[in-house]
Amino acid sequence: MSGRRMDSRSDEDDVRVRASRHGSRPRTRTRPAHEEAVPGLVVAVDRGRMTVRVQGPDGAPVEVTAMRARELGKHGVVVGDRVRLVGDTSGRTDSLARIVTIADRVTSLRRTADDTDPTERIVVANADQLVVVTSIADPEPALGFLDRCLVAAYAGGLEPLLVLTKNDLASAQPLLDRYAGLDVDAVPMSPEAPLDDLVARLRDRTSVLVGQSGVGKSTLFNRLVPGAFRATGDVSKIGKGRHTSSSAVLLDLPGGGTLIDTPGIRSFGLAHVTARDVLAAFDDLAEAAVDCPPLCGHTAEDPGCALDPWAAAGPPARQERLASFRRLLAAVGQLGPGH
């Protein structure tokens, strides 16, 4: 055989190939186009396997088990992600598809393990509103946790909604007064109360429920989605709820819309959030803050902060709104307690 290069490819068709560290099979930098990929919605994630809802041949939804394609690198997949799949999308038992693309997220609920952890974790993608469930009593409301949830909602582009459970044990008015300056919608509820007011706020929207264990979140989820059977537990003797649900899941609401339940969250780190993120959620405050000096922290002690004269020049509601805003800043460590 002659020593000529036996290769029919032209120079134009040549692609850059390098050997794999894990074997002799070459890898190419050319990524597959995946024109045949099927669109889907991630409805559950469990230990590296995703459940993705796709449209079946007859138009009915089909749930497919999938894993993330290696080409996605470190891009994680979360409940609520809009993705595209290749492989077996029939939904048959033991079938497996691959997620090859993740669409840009419109909103994202994010948290860190604590306020010193620089690694943010996306809990849920593309939700319209964050439904924060808290009990009025037994256990007492964790005000710091509620403030942090509101910050996370504003920073992630979600509209917050408070659901105040166990309204039969105490008055909801103190909590309503606390957040009056933010114009946050709230729905007080007792265990057997009709769900009409809440259902109306969830209809035709994608909502994610968060709440510490013991506040009745899973019980509420089971009432809203009969047959969901999310695990529930009693409040422990020391007043802290037991962790019950173990993984996030998206289900359809009978009256329209989708609801995402999340595991009981004991902490909501905000290391990824800045004062600017919080300010951006308040159009009126952000407009007034244009007149603030450079590097203004928007605290009561910042000389020349334009928010104080803005609040003083308006109705009392402005003062309440500014106080609430500064309390949220305190939740992300921008201010000390008492502002």
# chains A, B, ... in the order shown; residues from 1 in each chain; ligands from 1
call {"tool": "closest_atom_pairs", "arguments": {"of": "segment 152-235 of chain A", "to": "segment 143-146 of chain A", "cutoff": "12 Å", "atoms": "only C-alpha atoms", "output": "tab-separated table"}}
result
residue	atom	partner	partner_atom	distance
A:Ala152	CA	A:Leu146	CA	9.9
A:Ala153	CA	A:Leu146	CA	10.6
A:Pro160	CA	A:Leu146	CA	10.5
A:Leu161	CA	A:Leu146	CA	10.8
A:Leu162	CA	A:Leu146	CA	8.9
A:Val163	CA	A:Leu146	CA	11.1
A:Leu164	CA	A:Leu146	CA	11.2
A:Pro174	CA	A:Leu143	CA	11.2
A:Leu175	CA	A:Leu143	CA	8.9
A:Arg178	CA	A:Leu143	CA	9.5
A:Tyr179	CA	A:Leu146	CA	10.1
A:Val184	CA	A:Leu146	CA	11.7
A:Val210	CA	A:Leu146	CA	10.0
A:Gly211	CA	A:Leu146	CA	8.7
A:Gln212	CA	A:Phe145	CA	8.5
call {"tool": "select_by_dssp", "arguments": {"residues": "segment 21-237 of chain A", "states": "helix (DSSP H, G or I)", "output": "ChimeraX atom specification"}}
result
/A:70-72,143-156,173-178,180-182,196-202,217-224
call {"tool": "atom_distance", "arguments": {"atom1": "atom CA of Arg53 of chain A", "atom2": "atom CA of Ala97 of chain A"}}
result
11.7 Å
call {"tool": "atom_distance", "arguments": {"atom1": "atom CA of Thr165 of chain A", "atom2": "atom CA of Arg111 of chain A"}}
result
23.8 Å
call {"tool": "residues_around", "arguments": {"residues": "Leu169 of chain A", "least_positions_apart": "4", "cutoff": "10 Å", "atoms": "only C-alpha atoms", "output": "NGL selection string"}}
result
:A and (135-138 or 165 or 190)
call {"tool": "write_last_selection", "arguments": {"atoms": "C-alpha atoms", "output": "short mmCIF file (atom, residue, chain, number, x, y, z; two decimals), in the first residue's frame"}}
result
data_model
loop_
_atom_site.label_atom_id
_atom_site.label_comp_id
_atom_site.auth_asym_id
_atom_site.auth_seq_id
_atom_site.Cartn_x
_atom_site.Cartn_y
_atom_site.Cartn_z
CA SER A 135 -48.84 29.78 59.68
CA ILE A 136 -50.10 32.57 61.92
CA ALA A 137 -49.55 30.36 64.97
CA ASP A 138 -48.27 26.87 65.86
CA THR A 165 -52.64 29.38 57.34
CA SER A 190 -58.29 28.26 58.16
#
call {"tool": "residues_around", "arguments": {"residues": "segment 77-82 of chain A", "least_positions_apart": "2", "cutoff": "8 Å", "atoms": "only C-alpha atoms", "output": "PyMOL selection string"}}
result
chain A and resi 39-45+50+68+75+84+102-103+105+122-127+248-250
call {"tool": "select_by_dssp", "arguments": {"residues": "segment 177-231 of chain A", "states": "strand (DSSP E or B)", "output": "list of chain:residue names"}}
result
A:Asp185, A:Ala186, A:Val187, A:Pro188, A:Thr206, A:Ser207, A:Val208, A:Leu209, A:Val210
